[in-house]
Structure formats: structure tokens, C-alpha cells
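Text of target37.txt (compact mmCIF, C-alpha atoms) as supplied:
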```
# COMPACT_ATOMS: atom_id res chain seq x y z
CA MET A 1 -11.07 -12.31 12.07
CA HIS A 2 -11.19 -9.16 9.97
CA SER A 3 -12.76 -8.13 6.69
CA VAL A 4 -11.57 -5.23 4.55
CA THR A 5 -13.62 -2.91 2.33
CA PRO A 6 -12.33 -0.20 -0.03
CA ILE A 7 -13.76 3.32 0.19
CA PRO A 8 -12.70 5.12 -3.02
CA ALA A 9 -11.42 8.68 -2.65
CA PHE A 10 -10.09 11.38 -4.99
CA ASN A 11 -9.12 10.03 -8.42
CA ASP A 12 -7.40 6.79 -7.45
CA ASN A 13 -7.04 6.49 -3.66
CA TYR A 14 -8.48 3.69 -1.56
CA ILE A 15 -9.26 4.26 2.10
CA TRP A 16 -9.39 0.76 3.56
CA LEU A 17 -12.09 0.06 6.16
CA ILE A 18 -11.17 -2.75 8.56
CA HIS A 19 -14.02 -4.57 10.33
CA ALA A 20 -13.15 -6.74 13.34
CA HIS A 21 -15.86 -9.40 13.44
CA ASP A 22 -15.41 -10.55 17.05
CA THR A 23 -15.15 -7.17 18.74
CA LYS A 24 -17.22 -5.36 16.11
CA GLY A 25 -14.58 -2.65 15.84
CA TYR A 26 -13.92 -0.48 12.79
CA TYR A 27 -10.74 1.28 11.68
CA VAL A 28 -9.82 3.13 8.49
CA VAL A 29 -6.38 3.29 6.91
CA ASP A 30 -5.04 6.59 5.49
CA PRO A 31 -8.26 8.66 5.30
CA GLY A 32 -7.22 11.51 3.03
CA ASP A 33 -10.85 12.52 2.56
CA ALA A 34 -13.16 12.54 5.59
CA ASN A 35 -16.32 13.17 3.57
CA VAL A 36 -16.34 9.85 1.72
CA VAL A 37 -15.64 8.01 4.97
CA ILE A 38 -18.42 9.81 6.86
CA ASP A 39 -20.85 9.16 4.01
CA TYR A 40 -20.01 5.45 4.14
CA LEU A 41 -20.31 5.33 7.92
CA LYS A 42 -23.73 6.99 7.81
CA GLN A 43 -24.99 4.77 5.01
CA HIS A 44 -23.97 1.60 6.83
CA GLU A 45 -24.68 2.84 10.39
CA ILE A 46 -21.09 2.28 11.49
CA LYS A 47 -19.25 3.92 14.38
CA LEU A 48 -15.54 4.30 13.72
CA ASP A 49 -13.09 3.32 16.46
CA GLY A 50 -9.78 4.42 15.04
CA ILE A 51 -7.41 5.37 12.25
CA LEU A 52 -4.15 3.85 11.03
CA ILE A 53 -1.78 6.19 9.17
CA THR A 54 1.16 5.01 7.05
CA HIS A 55 2.85 8.33 6.20
CA HIS A 56 2.44 12.09 6.17
CA HIS A 57 1.23 12.93 2.65
CA SER A 58 -2.02 14.87 2.68
CA ASP A 59 -3.97 12.41 0.52
CA HIS A 60 -3.45 9.96 3.40
CA THR A 61 -3.91 12.29 6.38
CA GLY A 62 -6.21 15.08 5.23
CA GLY A 63 -9.35 13.61 6.81
CA ILE A 64 -8.00 13.01 10.31
CA ALA A 65 -9.22 16.25 11.90
CA ALA A 66 -12.72 16.08 10.45
CA LEU A 67 -13.14 12.43 11.45
CA GLN A 68 -12.00 13.25 14.98
CA THR A 69 -14.52 16.09 15.16
CA TYR A 70 -17.29 13.87 13.79
CA HIS A 71 -16.58 11.32 16.55
CA ASP A 72 -16.27 13.92 19.36
CA HIS A 73 -12.50 13.41 19.43
CA ASN A 74 -12.90 9.82 20.67
CA LEU A 75 -10.86 8.24 17.89
CA THR A 76 -7.63 6.33 18.37
CA VAL A 77 -5.14 7.52 15.73
CA TYR A 78 -1.93 5.59 15.14
CA GLY A 79 0.89 6.81 12.91
CA PRO A 80 4.66 7.26 12.67
CA ASP A 81 6.02 9.67 15.27
CA SER A 82 8.78 10.93 12.97
CA GLU A 83 6.54 12.48 10.32
CA ASN A 84 4.92 15.41 12.17
CA ILE A 85 1.32 14.36 11.49
CA LYS A 86 -1.35 16.38 13.29
CA GLY A 87 -4.00 14.37 15.10
CA ILE A 88 -1.96 11.30 15.99
CA ASN A 89 -2.60 10.38 19.64
CA HIS A 90 -0.87 6.97 19.57
CA PRO A 91 2.54 7.68 18.00
CA ILE A 92 4.56 4.75 16.68
CA SER A 93 8.31 5.01 17.21
CA GLY A 94 10.98 3.64 14.95
CA LYS A 95 11.54 0.79 17.40
CA THR A 96 7.90 -0.33 17.63
CA GLU A 97 7.38 -3.87 16.35
CA SER A 98 3.65 -4.25 17.02
CA ILE A 99 0.62 -2.45 18.41
CA SER A 100 -2.63 -3.62 19.99
CA PRO A 101 -5.40 -1.37 18.70
CA ASP A 102 -8.46 -1.40 20.91
CA ARG A 103 -11.46 -3.20 19.35
CA LEU A 104 -9.46 -5.02 16.69
CA ASP A 105 -9.35 -8.80 16.93
CA SER A 106 -5.56 -9.08 16.52
CA ASN A 107 -2.37 -7.15 17.07
CA ALA A 108 -0.90 -5.24 14.16
CA GLN A 109 2.71 -5.96 13.23
CA ILE A 110 4.58 -2.80 12.25
CA PHE A 111 7.01 -2.59 9.34
CA HIS A 112 9.34 0.41 9.04
CA LEU A 113 9.71 1.13 5.34
CA PRO A 114 11.84 4.15 4.40
CA GLY A 115 11.80 5.01 0.72
CA HIS A 116 8.66 6.83 -0.34
CA THR A 117 9.02 8.87 2.85
CA LEU A 118 11.60 8.30 5.56
CA GLY A 119 9.10 7.44 8.29
CA HIS A 120 6.71 5.35 6.20
CA ILE A 121 5.25 2.32 8.00
CA ALA A 122 2.95 -0.57 7.14
CA TYR A 123 0.53 -2.59 9.25
CA LEU A 124 0.09 -6.37 9.04
CA ILE A 125 -3.15 -7.53 10.67
CA ASP A 126 -3.70 -11.27 10.35
CA ASP A 127 -2.98 -11.80 6.63
CA HIS A 128 -3.89 -8.23 5.60
CA LEU A 129 -0.97 -5.91 4.74
CA PHE A 130 -1.73 -2.18 4.60
CA CYS A 131 1.34 -0.80 2.87
CA GLY A 132 0.39 2.75 1.88
CA ASP A 133 2.60 3.99 -0.94
CA THR A 134 5.51 1.56 -0.51
CA LEU A 135 4.33 -1.50 -2.44
CA PHE A 136 1.77 -1.21 -5.23
CA SER A 137 0.47 -4.05 -7.33
CA GLY A 138 3.03 -4.26 -10.12
CA GLY A 139 5.06 -1.35 -8.78
CA CYS A 140 6.37 0.67 -5.85
CA GLY A 141 6.17 4.24 -4.61
CA ARG A 142 8.24 7.12 -5.89
CA LEU A 143 11.30 8.02 -3.85
CA PHE A 144 10.37 11.41 -2.44
CA GLU A 145 12.63 11.20 0.61
CA GLY A 146 14.51 7.89 0.69
CA THR A 147 17.14 6.26 -1.49
CA PRO A 148 16.76 3.38 -3.95
CA THR A 149 18.67 1.13 -1.56
CA GLN A 150 16.32 2.01 1.31
CA MET A 151 13.29 1.26 -0.83
CA ARG A 152 14.74 -2.02 -2.04
CA HIS A 153 15.36 -3.15 1.53
CA SER A 154 11.83 -2.09 2.49
CA LEU A 155 10.37 -4.12 -0.36
CA ASP A 156 12.58 -7.07 0.55
CA ALA A 157 11.06 -7.04 4.04
CA LEU A 158 7.57 -7.26 2.57
CA ALA A 159 8.55 -9.89 -0.01
CA ALA A 160 9.71 -12.10 2.86
CA LEU A 161 6.14 -12.38 4.15
CA ASP A 162 4.01 -15.44 3.47
CA ASP A 163 2.86 -15.67 -0.13
CA LYS A 164 -0.78 -15.74 1.02
CA VAL A 165 -0.60 -12.31 2.66
CA LYS A 166 -3.05 -9.95 0.95
CA VAL A 167 -1.63 -6.62 -0.21
CA TYR A 168 -3.70 -3.44 0.21
CA PRO A 169 -1.91 -0.44 -1.34
CA ALA A 170 -3.46 3.01 -1.10
CA HIS A 171 -3.85 3.63 -4.85
CA GLU A 172 -5.43 2.07 -7.92
CA TYR A 173 -2.25 2.24 -9.98
CA THR A 174 -2.26 -1.36 -11.14
CA GLN A 175 -2.91 -1.01 -14.87
CA ALA A 176 -0.31 1.73 -15.32
CA ASN A 177 2.20 -0.31 -13.32
CA LEU A 178 1.53 -3.43 -15.38
CA ALA A 179 2.01 -1.52 -18.63
CA PHE A 180 5.51 -0.66 -17.44
CA ALA A 181 6.16 -4.15 -16.09
CA GLN A 182 5.25 -5.71 -19.43
CA THR A 183 7.61 -3.33 -21.21
CA VAL A 184 10.43 -4.48 -18.95
CA GLU A 185 9.57 -8.19 -18.85
CA HIS A 186 7.44 -8.89 -21.92
CA ASP A 187 7.86 -12.67 -21.86
CA ASN A 188 6.51 -13.12 -18.31
CA GLN A 189 3.38 -15.26 -18.75
CA ALA A 190 2.18 -14.77 -15.17
CA LEU A 191 2.38 -11.03 -15.77
CA ALA A 192 0.43 -11.27 -19.04
CA ASP A 193 -2.27 -13.37 -17.36
CA TYR A 194 -2.56 -10.94 -14.46
CA ALA A 195 -2.74 -7.92 -16.80
CA ALA A 196 -5.67 -9.55 -18.62
CA HIS A 197 -7.39 -10.24 -15.30
CA VAL A 198 -6.92 -6.65 -14.11
CA LYS A 199 -8.17 -5.26 -17.42
CA GLN A 200 -11.38 -7.25 -17.01
CA ARG A 201 -11.79 -6.11 -13.39
CA ARG A 202 -11.33 -2.46 -14.28
CA GLU A 203 -13.68 -2.67 -17.26
CA GLN A 204 -16.29 -3.86 -14.76
CA GLN A 205 -15.37 -0.89 -12.52
CA GLN A 206 -14.09 -3.27 -9.84
CA PRO A 207 -10.92 -2.68 -7.79
CA SER A 208 -7.85 -4.58 -8.93
CA LEU A 209 -6.90 -4.92 -5.25
CA PRO A 210 -6.03 -6.63 -3.00
CA SER A 211 -3.10 -8.42 -4.54
CA SER A 212 -0.92 -10.94 -2.69
CA ILE A 213 2.75 -11.25 -1.82
CA GLY A 214 3.00 -14.47 -3.84
CA LEU A 215 1.55 -12.82 -6.93
CA GLU A 216 3.70 -9.71 -6.60
CA LYS A 217 6.85 -11.83 -6.51
CA GLN A 218 5.83 -13.27 -9.87
CA ILE A 219 4.85 -10.06 -11.66
CA ASN A 220 6.27 -6.97 -9.93
CA PRO A 221 9.59 -5.87 -11.48
CA PHE A 222 10.60 -4.07 -8.28
CA LEU A 223 10.49 -7.38 -6.42
CA ARG A 224 12.32 -9.07 -9.32
CA ALA A 225 15.24 -6.69 -9.83
CA ASP A 226 17.67 -9.58 -9.45
CA GLN A 227 16.19 -11.49 -12.40
CA ALA A 228 18.38 -11.90 -15.48
CA THR A 229 15.51 -10.95 -17.79
CA ILE A 230 15.09 -7.61 -16.04
CA LYS A 231 18.81 -6.88 -15.94
CA ALA A 232 18.99 -7.60 -19.67
CA ALA A 233 16.10 -5.25 -20.41
CA LEU A 234 17.70 -2.52 -18.31
CA GLY A 235 21.04 -3.04 -20.01
CA GLN A 236 19.42 -2.62 -23.41
CA HIS A 237 17.34 0.40 -22.37
CA PHE A 238 20.22 2.25 -20.69
CA SER A 239 23.00 0.91 -22.94
CA GLN A 240 25.12 -0.32 -20.05
CA ASP A 241 25.99 -3.54 -18.28
CA VAL A 242 23.71 -4.22 -15.31
CA THR A 243 25.09 -6.89 -13.00
CA ASP A 244 24.28 -5.99 -9.38
CA ILE A 245 20.83 -5.64 -7.82
CA ASP A 246 21.35 -2.09 -6.51
CA THR A 247 22.06 -0.80 -10.02
CA SER A 248 19.15 -2.83 -11.36
CA PHE A 249 16.68 -1.43 -8.85
CA THR A 250 17.93 2.14 -9.22
CA LEU A 251 17.62 2.03 -13.01
CA LEU A 252 14.19 0.41 -12.79
CA ARG A 253 12.91 3.27 -10.64
CA GLN A 254 14.51 5.81 -12.99
CA TRP A 255 12.91 4.17 -16.03
CA LYS A 256 9.49 4.04 -14.34
CA ASP A 257 9.75 7.71 -13.29
CA ASN A 258 10.08 8.66 -16.96
CA PHE A 259 7.77 6.03 -18.45
```
Now, as a test, write the supplied structure out as C-alpha cells.
Amino acid sequence: MHSVTPIPAFNDNYIWLIHAHDTKGYYVVDPGDANVVIDYLKQHEIKLDGILITHHHSDHTGGIAALQTYHDHNLTVYGPDSENIKGINHPISGKTESISPDRLDSNAQIFHLPGHTLGHIAYLIDDHLFCGDTLFSGGCGRLFEGTPTQMRHSLDALAALDDKVKVYPAHEYTQANLAFAQTVEHDNQALADYAAHVKQRREQQQPSLPSSIGLEKQINPFLRADQATIKAALGQHFSQDVTDIDTSFTLLRQWKDNF
């Protein structure tokens, strides 16, 4: 059994702290800032066992070296082997399906998710999905390296998970994503209800996350690109017929990039 705690970093990042109850192990996901992690560890008298990295961007990897130094270089660091990330000592290849991190209570299933970056991966531990910058609540990551089709297939792989799986993205982007989602699909009642819930959470300075796969399939336009309502909205916005899902997803991402 695992519990997950957010450690806020920078303006809108979350560094997720995973606590394995049985083995009493601790891992962090995507520590872009070592200082906030070290402060949290000191405050709660925690010894870190390892790090899980989803992709190479510095706001996800920038704290690796300092955390290794703080722990006398005794940290296990997992991450994709194709992204040239310094500090990884347990590289994950493109064929890896699961890993067994020491002092976690369960294996971690690995998802290979090209789109935001080409080597981006996610970790599923029990019902906790750590998806970096691929899937956000109400949105998805920008396509810095991959294609729209690659990102759509990556999101399809995550959408196929059990509805109860909890979704832990690396950023608090939810309100901005929902503003776009409501512009695209303004008659979606589940989306309106969720937007009101998130607004209340953020007004109380609480994280909007985690979300869930089941919820995202109801409210996230990037998981709903095949819906007639979304194709109609895209057709009106771009003044063209939108019939296939690849065109729908591509135009959605283009619209969001300029929203």
C-alpha cells in the first residue's frame, strides 16, 4: 500500500512523494527542485530511497544531483535511457514493461508515451499513475518532440486503464485547462461540475489533483477527440469539416496552443 503527497515547486509544479507503508520506503517523482524536497524531508524526518523520472526537462530533473549528494549518492534513480538524463543509475529501456524499485511495496508498470518528448514514460504503482507532462487534468502536454498522432496513441494507452486509477500530473494546470475545455464543449455538465469543484479547491489553496482516469474520460477534450460535440466545435472554430479523430486531435492541440 502506498500514499502520495504533493511537494509544491516553482510556480505550478508538483513533486510527488510516494510512501510505501509496508517497507517504509520513500520515492519522489520528477524532483526539479531539490531544496523543497530536502526541506520536506528534514521537517518530517524522512530518508529518501529513490527517484522516478518521467522525462528530461529541467523542471523535472534539476534536483537529481543535489538529492544524490544529500543522500551520499545512495539513491536509486530510474528514468528513460533515451533522454540523456544525468544521474540516472537504473535506466529504463524502450522495451521495459515494469520495474521493481527497492523499498516500494509493489512493482511499477511502465508506459512509453512519446508526444511531449520522445522518450517520455509514466509509472503506474498500484492505482497511482505518475504521468509527468503527458496527461494533465483537463488537458495534455505540448508537443515539443512528438507528433499529434503519437500523443493521441499515448493518451489512448492511459485512457484504457481502470477508471479508478488516480492521475498525478506534474503541474497544477487544471483551471487553465478547464477554461479551454469549456470553450470547446460548453454543454458538458460533468465538465461544468468539475470546474466548480476545482475552483473551490483552488480558492482554498488546495491542489486540484489527483484526478482519475474515469473523470478525465468525461471532461478532458484530448481524451474525447472522437466526440461529435468536439468535432462540431472544431469545425466551427477552424471553418472546416472535421470527421476523423487524427484531424480532431491535431486541431484541438493547435487551438489549445493559441488559446
- Message: Can you measure atom CA of A:His19 to atom CA of A:Gly63 for me? One decimal in Å is fine.
- Response: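 Those two atoms sit 19.1 Å apart.
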- Can you tell me, as a ChimeraX atom specification, what residues are no more than 10 Å from A:Asn35 when counting all atoms listed in the file, ignoring any on the same chain fewer than 6 positions away? /A:9,41,63,66-67
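Closest approach to A:Lys166 among A:Asp59, A:Glu145, A:Glu203, A:Asp126: A:Asp126, based on only C-alpha atoms.
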- Task: Identify, on the basis of all atoms listed in the file, every residue whose closest approach to A:His197 does not exceed 12 Å; exclude the query and any residue fewer than 4 positions from it along the same chain; express the result as a list in words.
- Result: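 Near neighbours after the sequence-gap exclusion: Thr174, Gln175, Leu178, Ala190, Leu191, Ala192, Asp193, Arg201, Arg202, Glu203, Gln204, Gln206, Pro207, Ser208, Leu209 and Ser211 of chain A.
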- Item | Counting only C-alpha atoms, the residue of A:Ile51, A:Met151, A:Ile46, A:Val77 that sits nearest A:Trp16 |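 Looking at the shortest contact to A:Trp16, the residue is A:Ile51.
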- Message: When you look at A:Ala20 with a cut-off of 10 Å (counting all atoms listed in the file), what residues show up, excluding the ones that are within fewer than 6 positions of it in the same chain? I need them as a list in words.
- Response: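 With the cut-off at 10 Å, the set is Met1, His2, Ser3, Val4, Tyr26, Tyr27, Arg103, Leu104, Asp105 and Ser106 of chain A.
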- Message: Need to verify the contact set: A:Ala233, 8 Å, only C-alpha atoms, exclusion of same-chain residues closer than 4 positions in sequence. Can you return it as a count of residues only?
- Response: 4
- Query: What gap, in Å, lies between atom CA of A:Gly62 and atom CA of A:Asp30?
  - Reply: 8.6 Å
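Of the residues listed (A:Gly32, A:His57, A:Thr23, A:Ile18), A:Ile18 shows the shortest atom-to-atom separation from A:Ile125; distances use only C-alpha atoms.
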- Would you kindly return, as number ranges by chain, each protein, DNA or RNA residue with an atom no farther than 12 Å from any atom of stretch 154-157 of chain A, considering all atoms listed in the file and excluding same-chain residues fewer than 5 positions away? A: 110-122, 131, 133-136, 139-141, 143, 146-149, 162, 213, 216-217, 220-226, 245, 249
- Task: Report the distance between atom CA of A:His128 and atom CA of A:Asn177 in Å, rounded to one decimal place.
- Result: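 Going from atom CA of A:His128 over to atom CA of A:Asn177 covers 21.4 Å.
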- When distances are computed from all atoms listed in the file, which of A:Ala228, A:Glu83, A:Leu75, A:Val28 shows the smallest separation from A:Tyr40?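 Answer, going by the shortest atom-to-atom distance: A:Val28.
Proximity ranking of A:Asn89, A:Ser100, A:Asn188, A:Asn13 relative to A:Thr76 places A:Asn89 first, based on all atoms listed in the file.
Distance annotation: of A:Val242, A:Val165, A:Ile99, A:Leu252, the residue with the minimal separation from A:Arg152 is A:Leu252; atom set is all atoms listed in the file.
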First collect every listed atom of stretch 3-9 of chain A; then fit an axis-aligned box around them, widen it by 4 Å on each side, and give centre and edge lengths in Å to one decimal, as JSON.
```
{"center_x": -12.6, "center_y": 0.3, "center_z": 1.8, "size_x": 10.3, "size_y": 24.8, "size_z": 17.7}
```
Export stretch 2-64 of chain A, C-alpha atoms, as a PDB file, in the first residue's frame; it's the structure right above.
```
ATOM      1  CA  HIS A   2       1.244   3.474  -0.897  1.00  0.00           C
ATOM      2  CA  SER A   3       0.250   7.016  -0.060  1.00  0.00           C
ATOM      3  CA  VAL A   4       1.133  10.055  -2.169  1.00  0.00           C
ATOM      4  CA  THR A   5       1.852  13.616  -1.035  1.00  0.00           C
ATOM      5  CA  PRO A   6       2.448  16.688  -3.224  1.00  0.00           C
ATOM      6  CA  ILE A   7       5.511  18.855  -2.627  1.00  0.00           C
ATOM      7  CA  PRO A   8       4.893  22.141  -4.495  1.00  0.00           C
ATOM      8  CA  ALA A   9       7.805  23.551  -6.506  1.00  0.00           C
ATOM      9  CA  PHE A  10       8.390  26.589  -8.723  1.00  0.00           C
ATOM     10  CA  ASN A  11       5.160  28.288  -9.814  1.00  0.00           C
ATOM     11  CA  ASP A  12       2.995  25.267 -10.589  1.00  0.00           C
ATOM     12  CA  ASN A  13       4.996  22.026 -10.353  1.00  0.00           C
ATOM     13  CA  TYR A  14       4.195  19.145  -8.040  1.00  0.00           C
ATOM     14  CA  ILE A  15       6.935  16.772  -6.922  1.00  0.00           C
ATOM     15  CA  TRP A  16       5.052  13.677  -5.791  1.00  0.00           C
ATOM     16  CA  LEU A  17       6.347  11.905  -2.672  1.00  0.00           C
ATOM     17  CA  ILE A  18       5.469   8.200  -2.588  1.00  0.00           C
ATOM     18  CA  HIS A  19       5.391   6.478   0.815  1.00  0.00           C
ATOM     19  CA  ALA A  20       5.388   2.668   0.888  1.00  0.00           C
ATOM     20  CA  HIS A  21       3.629   1.750   4.127  1.00  0.00           C
ATOM     21  CA  ASP A  22       4.845  -1.852   4.451  1.00  0.00           C
ATOM     22  CA  THR A  23       8.518  -1.338   3.642  1.00  0.00           C
ATOM     23  CA  LYS A  24       8.582   2.269   4.867  1.00  0.00           C
ATOM     24  CA  GLY A  25      10.282   3.363   1.659  1.00  0.00           C
ATOM     25  CA  TYR A  26      10.104   6.828   0.112  1.00  0.00           C
ATOM     26  CA  TYR A  27      10.493   7.912  -3.512  1.00  0.00           C
ATOM     27  CA  VAL A  28       9.947  11.245  -5.252  1.00  0.00           C
ATOM     28  CA  VAL A  29       8.753  11.736  -8.824  1.00  0.00           C
ATOM     29  CA  ASP A  30      10.367  14.388 -11.062  1.00  0.00           C
ATOM     30  CA  PRO A  31      12.242  16.499  -8.468  1.00  0.00           C
ATOM     31  CA  GLY A  32      13.018  19.642 -10.438  1.00  0.00           C
ATOM     32  CA  ASP A  33      13.920  21.480  -7.234  1.00  0.00           C
ATOM     33  CA  ALA A  34      15.998  19.672  -4.606  1.00  0.00           C
ATOM     34  CA  ASN A  35      15.614  22.392  -1.972  1.00  0.00           C
ATOM     35  CA  VAL A  36      11.874  21.974  -1.444  1.00  0.00           C
ATOM     36  CA  VAL A  37      12.307  18.207  -1.246  1.00  0.00           C
ATOM     37  CA  ILE A  38      15.155  18.424   1.263  1.00  0.00           C
ATOM     38  CA  ASP A  39      13.181  20.900   3.377  1.00  0.00           C
ATOM     39  CA  TYR A  40      10.234  18.489   3.435  1.00  0.00           C
ATOM     40  CA  LEU A  41      12.448  15.516   4.273  1.00  0.00           C
ATOM     41  CA  LYS A  42      14.054  17.382   7.161  1.00  0.00           C
ATOM     42  CA  GLN A  43      10.743  18.646   8.513  1.00  0.00           C
ATOM     43  CA  HIS A  44       9.220  15.165   8.513  1.00  0.00           C
ATOM     44  CA  GLU A  45      12.420  13.249   9.389  1.00  0.00           C
ATOM     45  CA  ILE A  46      12.264  11.176   6.204  1.00  0.00           C
ATOM     46  CA  LYS A  47      15.107   9.379   4.447  1.00  0.00           C
ATOM     47  CA  LEU A  48      14.613   9.195   0.699  1.00  0.00           C
ATOM     48  CA  ASP A  49      15.232   5.881  -1.072  1.00  0.00           C
ATOM     49  CA  GLY A  50      14.903   6.806  -4.708  1.00  0.00           C
ATOM     50  CA  ILE A  51      13.721   8.960  -7.582  1.00  0.00           C
ATOM     51  CA  LEU A  52      11.440   8.260 -10.541  1.00  0.00           C
ATOM     52  CA  ILE A  53      11.922  10.462 -13.621  1.00  0.00           C
ATOM     53  CA  THR A  54       9.408  10.741 -16.468  1.00  0.00           C
ATOM     54  CA  HIS A  55      11.351  12.869 -18.979  1.00  0.00           C
ATOM     55  CA  HIS A  56      14.355  15.120 -19.447  1.00  0.00           C
ATOM     56  CA  HIS A  57      13.021  18.663 -18.960  1.00  0.00           C
ATOM     57  CA  SER A  58      14.920  20.540 -16.272  1.00  0.00           C
ATOM     58  CA  ASP A  59      11.879  21.326 -14.112  1.00  0.00           C
ATOM     59  CA  HIS A  60      11.616  17.542 -13.653  1.00  0.00           C
ATOM     60  CA  THR A  61      15.300  16.630 -13.349  1.00  0.00           C
ATOM     61  CA  GLY A  62      17.062  19.678 -11.936  1.00  0.00           C
ATOM     62  CA  GLY A  63      17.176  18.379  -8.360  1.00  0.00           C
ATOM     63  CA  ILE A  64      18.668  14.947  -9.042  1.00  0.00           C
TER      64      ILE A  64
END
```
